[in-house]
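Enquirer: Okay, so here is target17.pdb, and as you'll see once you scroll down, it has PDB, C-alpha atoms and all ligand atoms.
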```pdb
ATOM      1  CA  MET G1419      -5.060  25.649 -38.751  1.00  0.00           C
ATOM      2  CA  ASN G1420      -1.549  26.329 -37.441  1.00  0.00           C
ATOM      3  CA  GLY G1421      -2.863  27.315 -34.036  1.00  0.00           C
ATOM      4  CA  ASN G1422      -4.586  23.966 -33.678  1.00  0.00           C
ATOM      5  CA  HIS G1423      -1.441  22.102 -34.593  1.00  0.00           C
ATOM      6  CA  ALA G1424       0.673  24.112 -32.190  1.00  0.00           C
ATOM      7  CA  GLN G1425      -1.916  23.310 -29.527  1.00  0.00           C
ATOM      8  CA  ALA G1426      -1.883  19.582 -30.387  1.00  0.00           C
ATOM      9  CA  LEU G1427       1.916  19.534 -30.095  1.00  0.00           C
ATOM     10  CA  LYS G1428       1.792  21.400 -26.800  1.00  0.00           C
ATOM     11  CA  GLU G1429      -0.725  18.939 -25.388  1.00  0.00           C
ATOM     12  CA  ALA G1430       1.613  16.118 -26.409  1.00  0.00           C
ATOM     13  CA  GLY G1431       4.440  17.881 -24.565  1.00  0.00           C
ATOM     14  CA  MET G1432       6.270  18.736 -27.778  1.00  0.00           C
ATOM     15  CA  LYS G1433       7.737  21.988 -29.046  1.00  0.00           C
ATOM     16  CA  ALA G1434       5.968  23.393 -32.112  1.00  0.00           C
ATOM     17  CA  THR G1435       8.948  23.482 -34.483  1.00  0.00           C
ATOM     18  CA  PRO G1436       8.486  24.600 -38.124  1.00  0.00           C
ATOM     19  CA  LYS G1437       9.195  21.079 -39.397  1.00  0.00           C
ATOM     20  CA  ARG G1438       6.676  19.422 -37.092  1.00  0.00           C
ATOM     21  CA  LEU G1439       4.058  22.015 -38.041  1.00  0.00           C
ATOM     22  CA  ALA G1440       4.806  21.477 -41.748  1.00  0.00           C
ATOM     23  CA  ILE G1441       4.344  17.715 -41.362  1.00  0.00           C
ATOM     24  CA  LEU G1442       1.002  18.132 -39.588  1.00  0.00           C
ATOM     25  CA  GLU G1443      -0.094  20.694 -42.187  1.00  0.00           C
ATOM     26  CA  MET G1444       0.640  18.238 -45.004  1.00  0.00           C
ATOM     27  CA  LEU G1445      -1.103  15.326 -43.338  1.00  0.00           C
ATOM     28  CA  GLU G1446      -4.101  17.338 -42.187  1.00  0.00           C
ATOM     29  CA  GLY G1447      -7.191  16.488 -44.173  1.00  0.00           C
ATOM     30  CA  GLU G1448      -5.463  13.586 -45.905  1.00  0.00           C
ATOM     31  CA  THR G1449      -7.583  10.450 -45.862  1.00  0.00           C
ATOM     32  CA  ALA G1450      -4.612   8.259 -46.803  1.00  0.00           C
ATOM     33  CA  TYR G1451      -1.319   7.370 -45.136  1.00  0.00           C
ATOM     34  CA  ALA G1452       1.945   8.780 -46.465  1.00  0.00           C
ATOM     35  CA  SER G1453       5.516   7.510 -46.553  1.00  0.00           C
ATOM     36  CA  PRO G1454       8.460   9.475 -45.119  1.00  0.00           C
ATOM     37  CA  GLU G1455       9.924   9.783 -48.642  1.00  0.00           C
ATOM     38  CA  GLU G1456       6.773  11.387 -49.996  1.00  0.00           C
ATOM     39  CA  LEU G1457       6.626  13.886 -47.156  1.00  0.00           C
ATOM     40  CA  TRP G1458      10.330  14.614 -47.537  1.00  0.00           C
ATOM     41  CA  LYS G1459       9.885  15.414 -51.271  1.00  0.00           C
ATOM     42  CA  ARG G1460       7.071  17.802 -50.450  1.00  0.00           C
ATOM     43  CA  MET G1461       9.029  19.492 -47.634  1.00  0.00           C
ATOM     44  CA  ARG G1462      12.265  20.050 -49.524  1.00  0.00           C
ATOM     45  CA  ASP G1463      10.919  23.225 -51.163  1.00  0.00           C
ATOM     46  CA  ARG G1464      10.338  24.797 -47.777  1.00  0.00           C
ATOM     47  CA  PHE G1465      13.397  23.640 -45.864  1.00  0.00           C
ATOM     48  CA  ASP G1466      16.898  24.079 -47.210  1.00  0.00           C
ATOM     49  CA  ARG G1467      19.116  20.971 -47.235  1.00  0.00           C
ATOM     50  CA  LEU G1468      16.469  18.913 -45.499  1.00  0.00           C
ATOM     51  CA  GLY G1469      17.712  15.357 -45.080  1.00  0.00           C
ATOM     52  CA  LEU G1470      15.481  12.297 -45.197  1.00  0.00           C
ATOM     53  CA  PRO G1471      16.760  11.112 -41.765  1.00  0.00           C
ATOM     54  CA  THR G1472      15.479  14.359 -40.241  1.00  0.00           C
ATOM     55  CA  VAL G1473      12.022  13.665 -41.636  1.00  0.00           C
ATOM     56  CA  TYR G1474      12.182  10.088 -40.332  1.00  0.00           C
ATOM     57  CA  ARG G1475      13.173  11.329 -36.874  1.00  0.00           C
ATOM     58  CA  ASN G1476      10.426  13.954 -36.747  1.00  0.00           C
ATOM     59  CA  LEU G1477       7.782  11.446 -37.846  1.00  0.00           C
ATOM     60  CA  GLU G1478       8.958   8.949 -35.260  1.00  0.00           C
ATOM     61  CA  GLU G1479       8.867  11.555 -32.488  1.00  0.00           C
ATOM     62  CA  LEU G1480       5.372  12.606 -33.512  1.00  0.00           C
ATOM     63  CA  ALA G1481       4.206   8.994 -33.532  1.00  0.00           C
ATOM     64  CA  GLU G1482       5.811   8.228 -30.177  1.00  0.00           C
ATOM     65  CA  SER G1483       4.017  11.121 -28.546  1.00  0.00           C
ATOM     66  CA  GLY G1484       0.726  10.044 -30.091  1.00  0.00           C
ATOM     67  CA  VAL G1485       0.258  13.029 -32.407  1.00  0.00           C
ATOM     68  CA  LEU G1486       0.579  10.822 -35.514  1.00  0.00           C
ATOM     69  CA  SER G1487      -0.483   7.230 -36.072  1.00  0.00           C
ATOM     70  CA  LYS G1488       2.053   4.835 -37.447  1.00  0.00           C
ATOM     71  CA  VAL G1489       0.786   2.399 -40.078  1.00  0.00           C
ATOM     72  CA  ILE G1490       2.576  -0.950 -40.199  1.00  0.00           C
ATOM     73  CA  HIS G1491       2.224  -2.239 -43.747  1.00  0.00           C
ATOM     74  CA  PRO G1492       2.740  -5.894 -44.779  1.00  0.00           C
ATOM     75  CA  ASN G1493       5.327  -4.579 -47.273  1.00  0.00           C
ATOM     76  CA  ARG G1494       7.394  -3.679 -44.160  1.00  0.00           C
ATOM     77  CA  GLN G1495       7.400   0.010 -45.068  1.00  0.00           C
ATOM     78  CA  LEU G1496       6.470   2.583 -42.465  1.00  0.00           C
ATOM     79  CA  TYR G1497       3.715   5.055 -43.165  1.00  0.00           C
ATOM     80  CA  TYR G1498       2.149   7.779 -41.080  1.00  0.00           C
ATOM     81  CA  TYR G1499      -1.336   9.134 -40.732  1.00  0.00           C
ATOM     82  CA  PHE G1500      -2.760  12.105 -38.884  1.00  0.00           C
ATOM     83  CA  CYS G1501      -6.069  11.464 -37.150  1.00  0.00           C
ATOM     84  CA  SER G1502      -7.855  14.234 -35.315  1.00  0.00           C
ATOM     85  CA  ASN G1503      -9.904  11.724 -33.330  1.00  0.00           C
ATOM     86  CA  ARG G1504      -8.251  11.780 -29.894  1.00  0.00           C
ATOM     87  CA  GLU G1505     -10.463   9.052 -28.411  1.00  0.00           C
ATOM     88  CA  HIS G1506      -9.129   5.519 -28.069  1.00  0.00           C
ATOM     89  CA  HIS G1507      -9.873   3.815 -31.389  1.00  0.00           C
ATOM     90  CA  HIS G1508      -8.283   1.783 -34.177  1.00  0.00           C
ATOM     91  CA  HIS G1509      -7.889   2.019 -37.934  1.00  0.00           C
ATOM     92  CA  PHE G1510      -8.923   0.038 -40.951  1.00  0.00           C
ATOM     93  CA  VAL G1511      -6.278   0.676 -43.610  1.00  0.00           C
ATOM     94  CA  CYS G1512      -6.670  -0.088 -47.299  1.00  0.00           C
ATOM     95  CA  LEU G1513      -3.581  -1.824 -48.676  1.00  0.00           C
ATOM     96  CA  SER G1514      -4.430  -0.717 -52.203  1.00  0.00           C
ATOM     97  CA  CYS G1515      -5.410   2.985 -52.176  1.00  0.00           C
ATOM     98  CA  ARG G1516      -4.063   3.689 -48.630  1.00  0.00           C
ATOM     99  CA  LYS G1517      -7.332   5.072 -47.348  1.00  0.00           C
ATOM    100  CA  VAL G1518      -7.689   5.044 -43.546  1.00  0.00           C
ATOM    101  CA  GLN G1519     -11.013   4.671 -41.766  1.00  0.00           C
ATOM    102  CA  ASP G1520     -11.730   4.883 -38.033  1.00  0.00           C
ATOM    103  CA  ILE G1521     -13.092   1.821 -36.281  1.00  0.00           C
ATOM    104  CA  PRO G1522     -15.159   3.334 -33.492  1.00  0.00           C
ATOM    105  CA  SER G1523     -15.491   0.262 -31.272  1.00  0.00           C
ATOM    106  CA  CYS G1524     -12.442  -1.324 -29.740  1.00  0.00           C
ATOM    107  CA  GLY G1525     -13.807  -4.631 -28.464  1.00  0.00           C
ATOM    108  CA  ILE G1526     -10.479  -5.736 -27.035  1.00  0.00           C
ATOM    109  CA  GLU G1527     -11.276  -5.253 -23.346  1.00  0.00           C
ATOM    110  CA  ALA G1528     -12.846  -8.727 -23.022  1.00  0.00           C
ATOM    111  CA  LEU G1529      -9.808 -10.336 -24.626  1.00  0.00           C
ATOM    112  CA  GLU G1530      -7.509  -8.332 -22.343  1.00  0.00           C
ATOM    113  CA  ARG G1531      -9.332  -9.621 -19.276  1.00  0.00           C
ATOM    114  CA  GLU G1532      -9.162 -13.193 -20.563  1.00  0.00           C
ATOM    115  CA  VAL G1533      -5.455 -12.960 -21.395  1.00  0.00           C
ATOM    116  CA  SER G1534      -4.670 -11.355 -18.037  1.00  0.00           C
ATOM    117  CA  LYS G1535      -6.353 -14.322 -16.364  1.00  0.00           C
ATOM    118  CA  THR G1536      -4.619 -16.899 -18.584  1.00  0.00           C
ATOM    119  CA  VAL G1537      -1.123 -15.527 -18.139  1.00  0.00           C
ATOM    120  CA  GLY G1538      -1.719 -14.570 -14.529  1.00  0.00           C
ATOM    121  CA  GLY G1539      -0.428 -11.108 -15.259  1.00  0.00           C
ATOM    122  CA  LYS G1540      -1.975  -7.906 -16.481  1.00  0.00           C
ATOM    123  CA  VAL G1541      -2.415  -6.588 -20.008  1.00  0.00           C
ATOM    124  CA  LEU G1542      -1.547  -2.887 -20.001  1.00  0.00           C
ATOM    125  CA  SER G1543      -2.100  -1.853 -23.619  1.00  0.00           C
ATOM    126  CA  HIS G1544      -2.669  -3.133 -27.135  1.00  0.00           C
ATOM    127  CA  ILE G1545      -1.916  -2.270 -30.734  1.00  0.00           C
ATOM    128  CA  LEU G1546      -4.536  -3.132 -33.314  1.00  0.00           C
ATOM    129  CA  GLN G1547      -4.695  -2.293 -36.995  1.00  0.00           C
ATOM    130  CA  LEU G1548      -6.958  -3.964 -39.509  1.00  0.00           C
ATOM    131  CA  ASN G1549      -5.661  -4.255 -43.061  1.00  0.00           C
ATOM    132  CA  GLY G1550      -7.730  -4.891 -46.156  1.00  0.00           C
ATOM    133  CA  LEU G1551      -9.391  -3.455 -49.199  1.00  0.00           C
ATOM    134  CA  CYS G1552     -11.818  -0.547 -48.891  1.00  0.00           C
ATOM    135  CA  SER G1553     -15.249  -0.597 -50.556  1.00  0.00           C
ATOM    136  CA  GLY G1554     -14.030   1.563 -53.444  1.00  0.00           C
ATOM    137  CA  CYS G1555     -11.167  -0.801 -54.171  1.00  0.00           C
ATOM    138  CA  MET G1556     -13.472  -3.827 -53.890  1.00  0.00           C
ATOM    139  CA  GLU G1557     -15.737  -2.300 -56.559  1.00  0.00           C
ATOM    140  CA  ASN G1558     -12.767  -1.753 -58.829  1.00  0.00           C
ATOM    141  CA  GLY G1559     -11.559  -5.285 -58.244  1.00  0.00           C
ATOM    142  CA  GLY G1560      -8.395  -3.728 -56.816  1.00  0.00           C
ATOM    143  CA  MET G1561      -5.743  -5.909 -55.290  1.00  0.00           C
ATOM    144  CA  PRO G1562      -2.949  -4.717 -53.014  1.00  0.00           C
TER     145      PRO G1562
HETATM  146 ZN    ZN Q   1      -8.911   1.321 -51.126  1.00  0.00          ZN
HETATM  147 ZN    ZN Q   2      -8.449   7.572 -36.423  1.00  0.00          ZN
HETATM  148 ZN    ZN Q   3      -8.441  -0.589 -28.465  1.00  0.00          ZN
END
```
When written as structure tokens, how does the structure in this file appear?
Expert:
Amino acid sequence: MNGNHAQALKEAGMKATPKRLAILEMLEGETAYASPEELWKRMRDRFDRLGLPTVYRNLEELAESGVLSKVIHPNRQLYYYFCSNREHHHHFVCLSCRKVQDIPSCGIEALEREVSKTVGGKVLSHILQLNGLCSGCMENGGMP
């Protein structure tokens, strides 16, 4: 799958460095979001003297260029998720088991039009993430 990742980085205007490829490889196929610390622990075997700040920086660069999704958790920790869906969409994230699910419909356009009218300006973009408990966690009575 390395070719695909190199391609995804190229399309985002980023160089396919070994660290970026390793991050995408680890997150590929994961249905849950991961913390920088967790990814760092898994990468240390492959990269000598790899510092946590380097992992943070790489994750941030990947998120800024849209290759990774950043998850903003109520616990104020940052997590990252790799979604192969390149269409405009949003995520439902489980606060308990960390599972991420795509929300196919956006539904914000009407609100954007209304807000643009109200403020007399123009809404250019939006960030939307829905937090909750997934069906599996609901069945287990799981709480975040
Ligand atoms: Zn869950
Ligand atoms: Zn997605
Ligand atoms: Zn949207």
Enquirer: So which one's closest to Glu1482 (chain G), G:Arg1504, G:Met1444, G:Ala1430, G:Asn1422? Using all atoms listed in the file, please.
Expert: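 Ranking G:Arg1504, G:Met1444, G:Ala1430, G:Asn1422 by distance to Glu1482 (chain G), first place goes to G:Ala1430.
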Enquirer: One number please: CA of Pro1492 (chain G) to CA of Phe1510 (chain G), in Å, one decimal.
Expert: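 About the pair CA of Pro1492 (chain G) and CA of Phe1510 (chain G): they are 13.6 Å apart.
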Enquirer: Which distance in Å separates CA of Ala1450 (chain G) and CA of His1491 (chain G), to one decimal?
Expert: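 Distance between the two atoms: 12.9 Å.
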Enquirer: Neighbours of ligand ZN 2 (chain Q) at 10 Å or closer, counting only C-alpha atoms and all ligand atoms: which residues, as a list of chain:residue names?
Expert: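 With only C-alpha atoms and all ligand atoms and a cut-off of 10 Å, ligand ZN 2 (chain Q) is contacted by G:Thr1449, G:Leu1486, G:Ser1487, G:Tyr1499, G:Phe1500, G:Cys1501, G:Ser1502, G:Asn1503, G:Arg1504, G:Glu1505, G:His1506, G:His1507, G:His1508, G:His1509, G:Phe1510, G:Val1518, G:Gln1519, G:Asp1520, G:Ile1521, G:Pro1522.
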Enquirer: Could you tell me which residues the PyMOL selection byres (((chain G and resi 1543) around 10) and not hetatm) grabs in this file, written as a ChimeraX atom specification?
Expert: /G:1526-1527,1530,1540-1542,1544-1545
Enquirer: Could you list, as a ChimeraX atom specification, all residues that come within 12 Å of ligand ZN 1 (chain Q)? Count only C-alpha atoms and all ligand atoms.
Expert: /G:1449-1451,1510-1519,1549-1562
Enquirer: Counting all atoms listed in the file, figure out which residue out of G:Ala1528, G:Ala1426, G:Ile1441, G:Leu1496 gets nearest to ligand ZN 3 (chain Q).
Expert: G:Ala1528
Enquirer: I'd like to know which of G:Thr1435, G:Ser1483, G:Gln1425, G:Ser1523 is closest to ligand ZN 3 (chain Q), using only C-alpha atoms and all ligand atoms.
Expert: G:Ser1523
Enquirer: Record the distance separating CA of Tyr1497 (chain G) and CA of Val1473 (chain G), expressed in Å with one decimal.
Expert: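 Computed distance, CA of Tyr1497 (chain G) to CA of Val1473 (chain G), equals 12.1 Å.
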Enquirer: Which one of G:Glu1478, G:Ser1453, G:Ala1434, G:Gly1525 sits closest to ligand ZN 3 (chain Q) if you count all atoms listed in the file?
Expert: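 Between G:Glu1478, G:Ser1453, G:Ala1434, G:Gly1525, the residue approaching ligand ZN 3 (chain Q) most closely is G:Gly1525.
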Enquirer: Excluding region 1459-1467 of chain G and residues on its chain fewer than 5 positions from it, collect all residues at most 12 Å away from it, counting only C-alpha atoms, and give them as a ChimeraX atom specification.
Expert: /G:1436-1445,1452-1454,1472-1473
Enquirer: Of the residues G:Lys1535, G:Gly1447, G:Arg1494, G:Cys1524, which is the one nearest to ligand ZN 3 (chain Q), using all atoms listed in the file?
Expert: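 Result for the nearest residue to ligand ZN 3 (chain Q): G:Cys1524.
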Enquirer: Determine the nearest neighbour of ligand ZN 3 (chain Q) from the options G:Ser1534, G:Lys1488, G:Leu1548, G:Tyr1474, counting only C-alpha atoms and all ligand atoms.
Expert: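 Using only C-alpha atoms and all ligand atoms, the shortest distance to ligand ZN 3 (chain Q) belongs to G:Leu1548.
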Enquirer: Please, what is the axis-aligned box for every listed atom of region 1503-1510 of chain G with 6 Å on each side, as centre and edge lengths in Å to one decimal, as JSON?
Expert:
```
{"center_x": -9.2, "center_y": 5.9, "center_z": -34.5, "size_x": 14.6, "size_y": 23.7, "size_z": 24.9}
```
Enquirer: Since the input lacks some atoms of region 1537-1557 of chain G, please model N, CA and C atoms and print them as a PDB file, in the coordinates of the input.
Expert:
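Writing done, so here's rebuild.pdb:
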```pdb
ATOM      1  N   VAL G1537      -2.565 -15.650 -18.396  1.00  0.00           N
ATOM      2  CA  VAL G1537      -1.123 -15.527 -18.139  1.00  0.00           C
ATOM      3  C   VAL G1537      -0.850 -15.195 -16.674  1.00  0.00           C
ATOM      4  N   GLY G1538      -1.901 -14.901 -15.935  1.00  0.00           N
ATOM      5  CA  GLY G1538      -1.719 -14.570 -14.529  1.00  0.00           C
ATOM      6  C   GLY G1538      -1.020 -13.245 -14.332  1.00  0.00           C
ATOM      7  N   GLY G1539      -1.051 -12.429 -15.346  1.00  0.00           N
ATOM      8  CA  GLY G1539      -0.428 -11.108 -15.259  1.00  0.00           C
ATOM      9  C   GLY G1539      -1.458 -10.038 -15.532  1.00  0.00           C
ATOM     10  N   LYS G1540      -1.034  -8.979 -16.175  1.00  0.00           N
ATOM     11  CA  LYS G1540      -1.975  -7.906 -16.481  1.00  0.00           C
ATOM     12  C   LYS G1540      -1.641  -7.286 -17.826  1.00  0.00           C
ATOM     13  N   VAL G1541      -2.607  -7.261 -18.726  1.00  0.00           N
ATOM     14  CA  VAL G1541      -2.415  -6.588 -20.008  1.00  0.00           C
ATOM     15  C   VAL G1541      -2.530  -5.082 -19.765  1.00  0.00           C
ATOM     16  N   LEU G1542      -1.546  -4.334 -20.244  1.00  0.00           N
ATOM     17  CA  LEU G1542      -1.547  -2.887 -20.001  1.00  0.00           C
ATOM     18  C   LEU G1542      -1.976  -2.080 -21.218  1.00  0.00           C
ATOM     19  N   SER G1543      -1.718  -2.599 -22.422  1.00  0.00           N
ATOM     20  CA  SER G1543      -2.100  -1.853 -23.619  1.00  0.00           C
ATOM     21  C   SER G1543      -2.154  -2.799 -24.809  1.00  0.00           C
ATOM     22  N   HIS G1544      -2.626  -2.302 -25.932  1.00  0.00           N
ATOM     23  CA  HIS G1544      -2.669  -3.133 -27.135  1.00  0.00           C
ATOM     24  C   HIS G1544      -2.489  -2.268 -28.370  1.00  0.00           C
ATOM     25  N   ILE G1545      -2.060  -2.925 -29.436  1.00  0.00           N
ATOM     26  CA  ILE G1545      -1.916  -2.270 -30.734  1.00  0.00           C
ATOM     27  C   ILE G1545      -2.767  -3.068 -31.702  1.00  0.00           C
ATOM     28  N   LEU G1546      -3.663  -2.422 -32.384  1.00  0.00           N
ATOM     29  CA  LEU G1546      -4.536  -3.132 -33.314  1.00  0.00           C
ATOM     30  C   LEU G1546      -4.713  -2.307 -34.582  1.00  0.00           C
ATOM     31  N   GLN G1547      -4.486  -2.950 -35.709  1.00  0.00           N
ATOM     32  CA  GLN G1547      -4.695  -2.293 -36.995  1.00  0.00           C
ATOM     33  C   GLN G1547      -5.271  -3.337 -37.924  1.00  0.00           C
ATOM     34  N   LEU G1548      -6.360  -3.011 -38.587  1.00  0.00           N
ATOM     35  CA  LEU G1548      -6.958  -3.964 -39.509  1.00  0.00           C
ATOM     36  C   LEU G1548      -6.621  -3.562 -40.939  1.00  0.00           C
ATOM     37  N   ASN G1549      -6.070  -4.506 -41.682  1.00  0.00           N
ATOM     38  CA  ASN G1549      -5.661  -4.255 -43.061  1.00  0.00           C
ATOM     39  C   ASN G1549      -6.642  -4.896 -44.024  1.00  0.00           C
ATOM     40  N   GLY G1550      -6.848  -4.281 -45.169  1.00  0.00           N
ATOM     41  CA  GLY G1550      -7.730  -4.891 -46.156  1.00  0.00           C
ATOM     42  C   GLY G1550      -7.903  -4.031 -47.381  1.00  0.00           C
ATOM     43  N   LEU G1551      -9.034  -4.240 -48.025  1.00  0.00           N
ATOM     44  CA  LEU G1551      -9.391  -3.455 -49.199  1.00  0.00           C
ATOM     45  C   LEU G1551     -10.649  -2.670 -48.867  1.00  0.00           C
ATOM     46  N   CYS G1552     -10.652  -1.372 -49.181  1.00  0.00           N
ATOM     47  CA  CYS G1552     -11.818  -0.547 -48.891  1.00  0.00           C
ATOM     48  C   CYS G1552     -12.925  -0.843 -49.912  1.00  0.00           C
ATOM     49  N   SER G1553     -14.115  -0.294 -49.673  1.00  0.00           N
ATOM     50  CA  SER G1553     -15.249  -0.597 -50.556  1.00  0.00           C
ATOM     51  C   SER G1553     -14.988  -0.122 -51.981  1.00  0.00           C
ATOM     52  N   GLY G1554     -14.343   1.053 -52.112  1.00  0.00           N
ATOM     53  CA  GLY G1554     -14.030   1.563 -53.444  1.00  0.00           C
ATOM     54  C   GLY G1554     -13.114   0.635 -54.212  1.00  0.00           C
ATOM     55  N   CYS G1555     -12.116   0.103 -53.514  1.00  0.00           N
ATOM     56  CA  CYS G1555     -11.167  -0.801 -54.171  1.00  0.00           C
ATOM     57  C   CYS G1555     -11.819  -2.148 -54.477  1.00  0.00           C
ATOM     58  N   MET G1556     -12.751  -2.582 -53.624  1.00  0.00           N
ATOM     59  CA  MET G1556     -13.472  -3.827 -53.890  1.00  0.00           C
ATOM     60  C   MET G1556     -14.281  -3.696 -55.190  1.00  0.00           C
ATOM     61  N   GLU G1557     -14.925  -2.529 -55.350  1.00  0.00           N
ATOM     62  CA  GLU G1557     -15.737  -2.300 -56.559  1.00  0.00           C
ATOM     63  C   GLU G1557     -14.874  -2.315 -57.805  1.00  0.00           C
TER      64      GLU G1557
END
```
